[in-house]
Structure formats: C-alpha cells, structure tokens
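**Q** Input run_10.txt, format and content: compact mmCIF, C-alpha atoms.
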```txt
# COMPACT_ATOMS: atom_id res chain seq x y z
CA GLN A 298 91.02 178.47 11.81
CA VAL A 299 94.34 178.33 9.99
CA GLN A 300 93.83 176.52 6.70
CA LEU A 301 95.32 176.07 3.24
CA VAL A 302 93.24 174.89 0.29
CA GLU A 303 94.84 173.94 -3.04
CA SER A 304 93.08 173.91 -6.38
CA GLY A 305 93.85 173.77 -10.09
CA GLY A 306 95.09 170.23 -10.50
CA GLY A 307 94.04 168.02 -13.37
CA VAL A 308 95.12 165.92 -16.33
CA VAL A 309 97.32 167.69 -18.87
CA GLN A 310 99.35 166.61 -21.91
CA PRO A 311 103.15 166.73 -21.88
CA GLY A 312 104.46 170.15 -22.84
CA LYS A 313 101.32 171.95 -21.70
CA SER A 314 100.78 174.30 -18.76
CA LEU A 315 98.79 174.31 -15.54
CA ARG A 316 98.36 176.84 -12.75
CA LEU A 317 97.87 175.73 -9.18
CA SER A 318 96.44 177.94 -6.46
CA CYS A 319 96.68 177.82 -2.67
CA ALA A 320 94.15 179.88 -0.71
CA ALA A 321 95.13 180.74 2.85
CA SER A 322 92.71 181.53 5.67
CA GLY A 323 93.19 182.28 9.35
CA PHE A 324 96.53 183.97 8.77
CA THR A 325 98.17 186.49 6.47
CA LEU A 326 100.15 184.72 3.76
CA ARG A 327 102.64 187.58 3.32
CA THR A 328 103.97 187.16 6.87
CA TYR A 329 105.24 183.64 6.20
CA ASP A 330 107.46 181.85 3.73
CA MET A 331 105.19 179.67 1.61
CA HIS A 332 106.21 176.41 -0.05
CA TRP A 333 105.08 173.90 -2.65
CA VAL A 334 105.93 170.26 -1.96
CA ARG A 335 105.02 167.37 -4.26
CA GLN A 336 104.63 163.63 -3.92
CA PRO A 337 104.70 161.35 -6.99
CA PRO A 338 102.37 158.34 -6.82
CA GLY A 339 103.64 155.85 -4.25
CA LYS A 340 106.79 157.85 -3.57
CA GLY A 341 108.20 160.27 -1.00
CA LEU A 342 108.02 164.01 -0.52
CA GLU A 343 109.94 166.46 -2.70
CA TRP A 344 110.29 170.16 -2.00
CA VAL A 345 109.50 172.20 -5.15
CA ALA A 346 109.59 175.94 -4.50
CA VAL A 347 109.40 178.71 -1.93
CA ILE A 348 108.28 182.33 -1.95
CA PRO A 349 109.72 184.12 1.09
CA TYR A 350 107.54 186.30 3.31
CA ASP A 351 108.85 189.45 1.63
CA GLY A 352 108.08 188.11 -1.84
CA THR A 353 111.68 188.29 -3.04
CA ASN A 354 114.35 185.67 -3.77
CA THR A 355 112.07 182.83 -4.77
CA LYS A 356 113.80 179.46 -4.94
CA TYR A 357 113.20 176.23 -6.86
CA THR A 358 114.39 172.67 -6.98
CA ASP A 359 116.67 172.12 -9.97
CA SER A 360 114.26 169.91 -11.91
CA VAL A 361 111.63 172.67 -12.22
CA MET A 362 113.93 175.71 -12.58
CA GLY A 363 112.94 177.71 -15.65
CA ARG A 364 109.64 175.84 -16.07
CA PHE A 365 107.75 176.62 -12.85
CA ALA A 366 107.08 180.02 -11.29
CA ILE A 367 105.83 180.66 -7.78
CA SER A 368 103.92 183.86 -7.03
CA ARG A 369 101.33 185.29 -4.69
CA ASP A 370 98.41 187.70 -4.66
CA THR A 371 98.41 189.37 -1.25
CA THR A 372 95.04 191.01 -1.91
CA LYS A 373 93.48 187.57 -2.19
CA ASN A 374 95.77 185.88 0.35
CA THR A 375 96.55 183.28 -2.32
CA MET A 376 99.69 181.69 -3.69
CA HIS A 377 100.16 180.22 -7.14
CA LEU A 378 102.40 177.80 -8.96
CA GLN A 379 102.56 178.31 -12.72
CA MET A 380 103.79 175.09 -14.28
CA ASN A 381 104.93 175.18 -17.91
CA SER A 382 106.45 172.59 -20.23
CA LEU A 383 105.06 169.83 -18.05
CA ARG A 384 106.65 166.39 -18.14
CA ALA A 385 105.45 162.94 -17.11
CA GLU A 386 107.78 163.11 -14.10
CA ASP A 387 105.86 166.14 -12.80
CA THR A 388 102.90 163.85 -12.10
CA ALA A 389 102.27 164.11 -8.35
CA ILE A 390 100.09 165.38 -5.57
CA TYR A 391 101.06 169.01 -4.99
CA TYR A 392 100.82 170.38 -1.47
CA CYS A 393 101.19 173.95 -0.35
CA ALA A 394 102.64 174.48 3.11
CA ARG A 395 103.25 177.35 5.48
CA GLY A 396 106.89 177.73 6.38
CA ARG A 397 108.58 178.68 9.59
CA PRO A 398 112.36 178.88 9.99
CA SER A 399 112.26 175.45 11.63
CA ASP A 400 109.64 173.54 9.62
CA MET A 401 106.41 173.54 7.62
CA ASP A 402 103.65 173.70 10.19
CA VAL A 403 100.45 173.92 8.14
CA TRP A 404 99.70 171.88 5.01
CA GLY A 405 96.88 171.85 2.53
CA GLN A 406 95.06 168.68 1.50
CA GLY A 407 96.84 168.57 -1.87
CA THR A 408 95.81 168.76 -5.52
CA THR A 409 96.64 166.06 -8.07
CA VAL A 410 98.47 166.79 -11.30
CA THR A 411 98.68 164.09 -13.95
CA VAL A 412 100.80 164.64 -17.04
CA SER A 413 99.87 162.13 -19.70
CA SER A 414 99.12 161.97 -23.40
CA ILE G 273 121.99 167.81 1.59
CA GLN G 274 120.93 164.17 1.43
CA LEU G 275 118.92 162.59 4.23
CA THR G 276 119.03 158.82 4.68
CA GLN G 277 116.31 157.26 6.78
CA SER G 278 116.34 153.79 8.25
CA PRO G 279 114.62 151.49 8.27
CA SER G 280 112.55 152.14 5.15
CA SER G 281 109.84 149.97 6.69
CA LEU G 282 109.22 148.09 9.90
CA SER G 283 106.53 145.96 11.49
CA ALA G 284 105.55 146.60 15.06
CA SER G 285 102.76 145.89 17.53
CA VAL G 286 100.61 148.21 19.58
CA ARG G 287 102.50 149.30 22.72
CA ASP G 288 105.89 148.63 21.11
CA ARG G 289 108.66 151.21 21.17
CA VAL G 290 109.81 152.26 17.69
CA THR G 291 112.97 154.10 16.68
CA ILE G 292 113.63 155.65 13.27
CA THR G 293 116.94 157.21 12.35
CA CYS G 294 117.81 159.98 9.90
CA ARG G 295 121.37 160.69 8.80
CA ALA G 296 122.35 163.89 7.00
CA SER G 297 125.16 164.04 4.46
CA GLN G 298 126.57 167.12 6.21
CA ASP G 299 126.22 168.96 9.50
CA ILE G 300 122.75 170.55 9.78
CA SER G 301 122.98 171.47 13.47
CA SER G 302 119.42 171.04 14.81
CA PHE G 303 117.62 172.17 11.66
CA LEU G 304 115.61 168.98 11.33
CA ALA G 305 111.87 168.31 11.42
CA TRP G 306 109.84 165.11 11.51
CA TYR G 307 106.47 164.56 9.82
CA GLN G 308 103.85 161.83 9.95
CA GLN G 309 101.82 160.95 6.86
CA SER G 310 98.82 158.65 7.07
CA PRO G 311 97.49 157.09 3.83
CA GLY G 312 95.64 159.61 1.67
CA LYS G 313 96.46 162.47 4.02
CA ALA G 314 98.78 165.44 3.99
CA PRO G 315 101.93 165.33 6.10
CA LYS G 316 101.58 166.46 9.71
CA LEU G 317 104.37 168.17 11.63
CA LEU G 318 105.47 166.21 14.71
CA ILE G 319 108.81 167.62 15.80
CA TYR G 320 110.95 170.62 14.86
CA GLY G 321 114.37 171.79 15.90
CA ALA G 322 115.27 168.10 16.14
CA SER G 323 113.64 167.68 19.54
CA THR G 324 110.78 170.17 20.11
CA LEU G 325 107.32 168.63 20.07
CA GLN G 326 104.78 170.50 17.97
CA THR G 327 101.74 171.71 19.92
CA GLY G 328 99.09 169.03 20.17
CA VAL G 329 101.38 166.11 19.36
CA PRO G 330 101.25 163.32 21.96
CA SER G 331 104.19 163.07 24.32
CA ARG G 332 104.92 159.47 23.26
CA PHE G 333 106.70 161.05 20.29
CA SER G 334 110.22 162.36 20.89
CA GLY G 335 113.18 163.45 18.82
CA SER G 336 116.88 163.70 19.48
CA GLY G 337 120.18 164.35 17.78
CA SER G 338 122.21 167.12 16.22
CA GLY G 339 124.82 167.53 13.53
CA THR G 340 124.31 164.57 11.19
CA ASP G 341 122.52 161.90 13.23
CA PHE G 342 118.92 162.13 14.39
CA THR G 343 116.33 159.84 15.93
CA LEU G 344 112.54 159.77 16.14
CA THR G 345 111.18 157.57 18.91
CA ILE G 346 107.58 156.52 19.44
CA ASN G 347 106.96 155.10 22.88
CA SER G 348 103.99 152.75 23.30
CA LEU G 349 102.85 152.68 19.66
CA GLN G 350 99.13 153.35 19.20
CA PRO G 351 96.87 152.20 16.33
CA GLU G 352 96.76 155.72 14.87
CA ASP G 353 100.59 155.80 14.69
CA PHE G 354 100.77 153.30 11.84
CA ALA G 355 101.88 155.64 9.08
CA THR G 356 104.92 156.81 7.13
CA TYR G 357 107.40 159.14 8.81
CA TYR G 358 109.67 161.62 7.04
CA CYS G 359 112.58 163.71 8.25
CA GLN G 360 113.32 167.06 6.62
CA GLN G 361 116.32 169.37 6.78
CA VAL G 362 115.68 173.11 6.85
CA ASN G 363 119.34 174.10 7.16
CA SER G 364 119.76 175.18 3.56
CA TYR G 365 118.09 175.24 0.17
CA PRO G 366 117.11 173.11 -1.59
CA LEU G 367 115.16 171.74 1.36
CA THR G 368 115.21 167.96 1.35
CA PHE G 369 113.27 165.07 2.85
CA GLY G 370 114.36 161.62 3.81
CA GLY G 371 112.97 158.70 1.83
CA GLY G 372 110.42 157.81 4.50
CA SER G 373 109.94 155.06 7.05
CA LYS G 374 106.71 153.09 6.92
CA VAL G 375 105.48 151.71 10.23
CA GLU G 376 103.18 148.75 9.66
CA ILE G 377 101.15 146.56 11.96
CA LYS G 378 102.77 143.25 12.86
```
Show this structure as structure tokens.

**A**
Amino acid sequence: QVQLVESGGGVVQPGKSLRLSCAASGFTLRTYDMHWVRQPPGKGLEWVAVIPYDGTNTKYTDSVMGRFAISRDTTKNTMHLQMNSLRAEDTAIYYCARGRPSDMDVWGQGTTVTVSS
Amino acid sequence: IQLTQSPSSLSASVRDRVTITCRASQDISSFLAWYQQSPGKAPKLLIYGASTLQTGVPSRFSGSGSGTDFTLTINSLQPEDFATYYCQQVNSYPLTFGGGSKVEIK
C-alpha cells in the first residue's frame, strides 16, 4: 500500500545538524512533488520545503532558506531533509507528504526533532 | 498568502452541524484543501479543490467557496470527528495553512 515513513529525528544542540529521511513505498517518489511540513509542539502546521517531481527548482519557507536542503535518492525511493545550523524554533514534528497539484494526499507518521542545549 | 480560520475552537455535540470558515488574504481561486488532525496523528486530507471530497472520506463532510472565502461543513458530527481542522492554500509558494480550528465535545 502507499506509505511514507520518516526517520532521523532526535535531540540535537543548537547550531548542530540533523538529516531526516522519508522512505516511500507503493508508489514512485520521482513522479510526485514531495514536501516536508512541520508542527511545533502544541501549534499548527507549517510548510517547510518541496522537491518537485523532476527534482529541479526546490523551494523553502523563508525561515529555513540557506540552512535546510531537500533532496532525494530515486534508487532508494527516499527523500531527505538536511538541517544545518539548527535553532530552538526548529523544534517540531516533521512530516513528509506526497504532493498533488491540489493538495497533499499521503502523509507519514512524523519524526520529532528537538533542538535544545 | 495568509489564511485566517474561524473559529479557532468550538464545542459541539454528536449529531450537530459544524461550520468552519477560512479566509485567504488574496484570491486563490479554488486552490484550497482541508485536513483533519486527530491528537497524536498525522493530518488527513478531507477535501481538495475547495469542494471535492477525497476518496474514502464520509459524505457528511463538504466544502464550498472560491476566491477568498471558504467553508468546511460537517453534517451530523460523529465521535471520531472531534479533532483539529486546517485549511491550506496550494495556489502559490510558499504554501500556507490556516491556524486550525479545534472541534471539542460539548
């Protein structure tokens, strides 16, 4: 069945790096836009980044521009989010989601990132 | 594009009819989706294109609107519907979500 599974979350000190992964099954990742969306504790949803189906023209929300990088490995049907120079305000549950032109129709269960000294 | 949802929370009873609104800061045509998030769970797509029900979603859910004003309606609220609901615009990047509307049991 169609499924997304995130991994790589954890507790990290401010200024350090972390790499999240999103493994797709039941569909081919490179035929869809793929997104990262995050949710700080007790707060709402925030879109973070997208890698389009053709792998070009990645986009980011302003607050992570220059610090985060979205990528994919089509041989492993997996997407990644490299997060550098982490800040306390990056603390959140990070979800990966499959994008369609109209919505995000498949979501992973999320992985928790905590940035704290 | 900013999305303003109202109310931010509401109390309702089983079998009630609930309406949540989402207002966009500029015209987004029908590029709006609605999601349901239960506690500890990932968001679930309910409606896309402002009014099209996602496969498998009960017909008591409906969406309407275009341009800047949108509505999510839940007819005959069921126990499993107590959750937080988010609207999302997919008209342009950066994609944005509304602040959420929490539906609680009265």

**Q** Taking (112.0, 165.0, 15.4) as a centre in this file's frame and 9 Å as the limit, can you find every polymer residue with an atom that close, using only C-alpha atoms, and give them as a PyMOL selection string?

**A** chain G and resi 304-307+318-325+333-337+342-345+359

**Q** Could you write out the selected residues, including C-alpha atoms, as a PDB file, in the frame of the given file?

**A**
```
ATOM      1  CA  LEU G 304     115.610 168.980  11.330  1.00  0.00           C
ATOM      2  CA  ALA G 305     111.870 168.310  11.420  1.00  0.00           C
ATOM      3  CA  TRP G 306     109.840 165.110  11.510  1.00  0.00           C
ATOM      4  CA  TYR G 307     106.470 164.560   9.820  1.00  0.00           C
ATOM      5  CA  LEU G 318     105.470 166.210  14.710  1.00  0.00           C
ATOM      6  CA  ILE G 319     108.810 167.620  15.800  1.00  0.00           C
ATOM      7  CA  TYR G 320     110.950 170.620  14.860  1.00  0.00           C
ATOM      8  CA  GLY G 321     114.370 171.790  15.900  1.00  0.00           C
ATOM      9  CA  ALA G 322     115.270 168.100  16.140  1.00  0.00           C
ATOM     10  CA  SER G 323     113.640 167.680  19.540  1.00  0.00           C
ATOM     11  CA  THR G 324     110.780 170.170  20.110  1.00  0.00           C
ATOM     12  CA  LEU G 325     107.320 168.630  20.070  1.00  0.00           C
ATOM     13  CA  PHE G 333     106.700 161.050  20.290  1.00  0.00           C
ATOM     14  CA  SER G 334     110.220 162.360  20.890  1.00  0.00           C
ATOM     15  CA  GLY G 335     113.180 163.450  18.820  1.00  0.00           C
ATOM     16  CA  SER G 336     116.880 163.700  19.480  1.00  0.00           C
ATOM     17  CA  GLY G 337     120.180 164.350  17.780  1.00  0.00           C
ATOM     18  CA  PHE G 342     118.920 162.130  14.390  1.00  0.00           C
ATOM     19  CA  THR G 343     116.330 159.840  15.930  1.00  0.00           C
ATOM     20  CA  LEU G 344     112.540 159.770  16.140  1.00  0.00           C
ATOM     21  CA  THR G 345     111.180 157.570  18.910  1.00  0.00           C
ATOM     22  CA  CYS G 359     112.580 163.710   8.250  1.00  0.00           C
TER      23      CYS G 359
END
```

**Q** Considering all atoms listed in the file, state which residue in the set G:Ile377, G:Val290, G:Leu317, G:Leu367 is at the smallest distance from Trp344 (chain A).

**A**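 Using all atoms listed in the file, the shortest distance to Trp344 (chain A) belongs to G:Leu367.
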
**Q** Tell me as a PDB file with C-alpha atoms, in the coordinates of the input which residues belonging to chain A come within 12 Å of chain G, counting only C-alpha atoms.

**A**
```
ATOM      1  CA  LEU A 301      95.320 176.070   3.240  1.00  0.00           C
ATOM      2  CA  VAL A 302      93.240 174.890   0.290  1.00  0.00           C
ATOM      3  CA  GLU A 303      94.840 173.940  -3.040  1.00  0.00           C
ATOM      4  CA  HIS A 332     106.210 176.410  -0.050  1.00  0.00           C
ATOM      5  CA  TRP A 333     105.080 173.900  -2.650  1.00  0.00           C
ATOM      6  CA  VAL A 334     105.930 170.260  -1.960  1.00  0.00           C
ATOM      7  CA  ARG A 335     105.020 167.370  -4.260  1.00  0.00           C
ATOM      8  CA  GLN A 336     104.630 163.630  -3.920  1.00  0.00           C
ATOM      9  CA  PRO A 338     102.370 158.340  -6.820  1.00  0.00           C
ATOM     10  CA  GLY A 339     103.640 155.850  -4.250  1.00  0.00           C
ATOM     11  CA  LYS A 340     106.790 157.850  -3.570  1.00  0.00           C
ATOM     12  CA  GLY A 341     108.200 160.270  -1.000  1.00  0.00           C
ATOM     13  CA  LEU A 342     108.020 164.010  -0.520  1.00  0.00           C
ATOM     14  CA  GLU A 343     109.940 166.460  -2.700  1.00  0.00           C
ATOM     15  CA  TRP A 344     110.290 170.160  -2.000  1.00  0.00           C
ATOM     16  CA  VAL A 345     109.500 172.200  -5.150  1.00  0.00           C
ATOM     17  CA  ALA A 346     109.590 175.940  -4.500  1.00  0.00           C
ATOM     18  CA  VAL A 347     109.400 178.710  -1.930  1.00  0.00           C
ATOM     19  CA  ASN A 354     114.350 185.670  -3.770  1.00  0.00           C
ATOM     20  CA  THR A 355     112.070 182.830  -4.770  1.00  0.00           C
ATOM     21  CA  LYS A 356     113.800 179.460  -4.940  1.00  0.00           C
ATOM     22  CA  TYR A 357     113.200 176.230  -6.860  1.00  0.00           C
ATOM     23  CA  THR A 358     114.390 172.670  -6.980  1.00  0.00           C
ATOM     24  CA  ASP A 359     116.670 172.120  -9.970  1.00  0.00           C
ATOM     25  CA  SER A 360     114.260 169.910 -11.910  1.00  0.00           C
ATOM     26  CA  VAL A 361     111.630 172.670 -12.220  1.00  0.00           C
ATOM     27  CA  MET A 362     113.930 175.710 -12.580  1.00  0.00           C
ATOM     28  CA  ILE A 390     100.090 165.380  -5.570  1.00  0.00           C
ATOM     29  CA  TYR A 391     101.060 169.010  -4.990  1.00  0.00           C
ATOM     30  CA  TYR A 392     100.820 170.380  -1.470  1.00  0.00           C
ATOM     31  CA  CYS A 393     101.190 173.950  -0.350  1.00  0.00           C
ATOM     32  CA  ALA A 394     102.640 174.480   3.110  1.00  0.00           C
ATOM     33  CA  ARG A 395     103.250 177.350   5.480  1.00  0.00           C
ATOM     34  CA  GLY A 396     106.890 177.730   6.380  1.00  0.00           C
ATOM     35  CA  ARG A 397     108.580 178.680   9.590  1.00  0.00           C
ATOM     36  CA  PRO A 398     112.360 178.880   9.990  1.00  0.00           C
ATOM     37  CA  SER A 399     112.260 175.450  11.630  1.00  0.00           C
ATOM     38  CA  ASP A 400     109.640 173.540   9.620  1.00  0.00           C
ATOM     39  CA  MET A 401     106.410 173.540   7.620  1.00  0.00           C
ATOM     40  CA  ASP A 402     103.650 173.700  10.190  1.00  0.00           C
ATOM     41  CA  VAL A 403     100.450 173.920   8.140  1.00  0.00           C
ATOM     42  CA  TRP A 404      99.700 171.880   5.010  1.00  0.00           C
ATOM     43  CA  GLY A 405      96.880 171.850   2.530  1.00  0.00           C
ATOM     44  CA  GLN A 406      95.060 168.680   1.500  1.00  0.00           C
ATOM     45  CA  GLY A 407      96.840 168.570  -1.870  1.00  0.00           C
ATOM     46  CA  THR A 408      95.810 168.760  -5.520  1.00  0.00           C
ATOM     47  CA  THR A 409      96.640 166.060  -8.070  1.00  0.00           C
TER      48      THR A 409
END
```

**Q** Quick one: residues within 8 Å of Gly306 (chain A), only C-alpha atoms, excluding same-chain residues fewer than 4 positions away - as a PyMOL selection string?

**A** chain A and resi 315-317+408-411

**Q** Could you tell me how far CA of Ser278 (chain G) lies from CA of Arg295 (chain G), in Å and to one decimal?

**A**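 Those two atoms sit 8.6 Å apart.
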
**Q** What's the separation between CA of Gln298 (chain G) and CA of Thr340 (chain G), in Å to one decimal place?

**A** 6.0 Å

**Q** Mind giving me the straight-line distance from CA of Lys374 (chain G) to CA of Pro279 (chain G) in Å, one decimal?

**A**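 Calculated distance between CA of Lys374 (chain G) and CA of Pro279 (chain G) is 8.2 Å.
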
**Q** Of the residues A:Ile348, A:Ala389, A:Val309, A:Val299, which is the one nearest to Arg327 (chain A), using all atoms listed in the file?

**A** A:Ile348

**Q** Set up a box along x, y and z of the file covering all listed atoms of region 300-306 of chain A, add 8 Å on every one of the six sides, and write the centre and edge lengths in Å to one decimal, as AutoDock Vina command-line options.

**A**
```
--center_x 94.2 --center_y 173.4 --center_z -1.9 --size_x 18.2 --size_y 22.3 --size_z 33.2
```

**Q** Please write as an mmCIF file with C-alpha atoms, keeping the file's coordinate frame the list of polymer residues whose atoms come within 12 Å of (99.3, 165.9, -22.4), counting all atoms listed in the file and keeping to the coordinates of the file.

**A**
```cif
data_model
loop_
_atom_site.group_PDB
_atom_site.id
_atom_site.type_symbol
_atom_site.label_atom_id
_atom_site.label_comp_id
_atom_site.auth_asym_id
_atom_site.auth_seq_id
_atom_site.Cartn_x
_atom_site.Cartn_y
_atom_site.Cartn_z
ATOM 1 C CA GLY A 307 94.040 168.020 -13.370
ATOM 2 C CA VAL A 308 95.120 165.920 -16.330
ATOM 3 C CA VAL A 309 97.320 167.690 -18.870
ATOM 4 C CA GLN A 310 99.350 166.610 -21.910
ATOM 5 C CA PRO A 311 103.150 166.730 -21.880
ATOM 6 C CA GLY A 312 104.460 170.150 -22.840
ATOM 7 C CA LYS A 313 101.320 171.950 -21.700
ATOM 8 C CA SER A 314 100.780 174.300 -18.760
ATOM 9 C CA LEU A 315 98.790 174.310 -15.540
ATOM 10 C CA ASN A 381 104.930 175.180 -17.910
ATOM 11 C CA SER A 382 106.450 172.590 -20.230
ATOM 12 C CA LEU A 383 105.060 169.830 -18.050
ATOM 13 C CA ARG A 384 106.650 166.390 -18.140
ATOM 14 C CA ALA A 385 105.450 162.940 -17.110
ATOM 15 C CA ASP A 387 105.860 166.140 -12.800
ATOM 16 C CA THR A 388 102.900 163.850 -12.100
ATOM 17 C CA VAL A 410 98.470 166.790 -11.300
ATOM 18 C CA THR A 411 98.680 164.090 -13.950
ATOM 19 C CA VAL A 412 100.800 164.640 -17.040
ATOM 20 C CA SER A 413 99.870 162.130 -19.700
ATOM 21 C CA SER A 414 99.120 161.970 -23.400
#
```

**Q** Compare G:Val375, G:Ser338, G:Gln309, G:Ser301 by their minimum atom-to-atom distance to Ser280 (chain G), counting all atoms listed in the file, and give me the closest one.

**A**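 Ranking G:Val375, G:Ser338, G:Gln309, G:Ser301 by distance to Ser280 (chain G), first place goes to G:Val375.
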
**Q** Just checking: using all atoms listed in the file, which residue out of A:Ser368, A:Ser318, A:Thr328, A:Asn374 ends up closest to Asp351 (chain A)?

**A**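 The closest residue to Asp351 (chain A) is A:Thr328.
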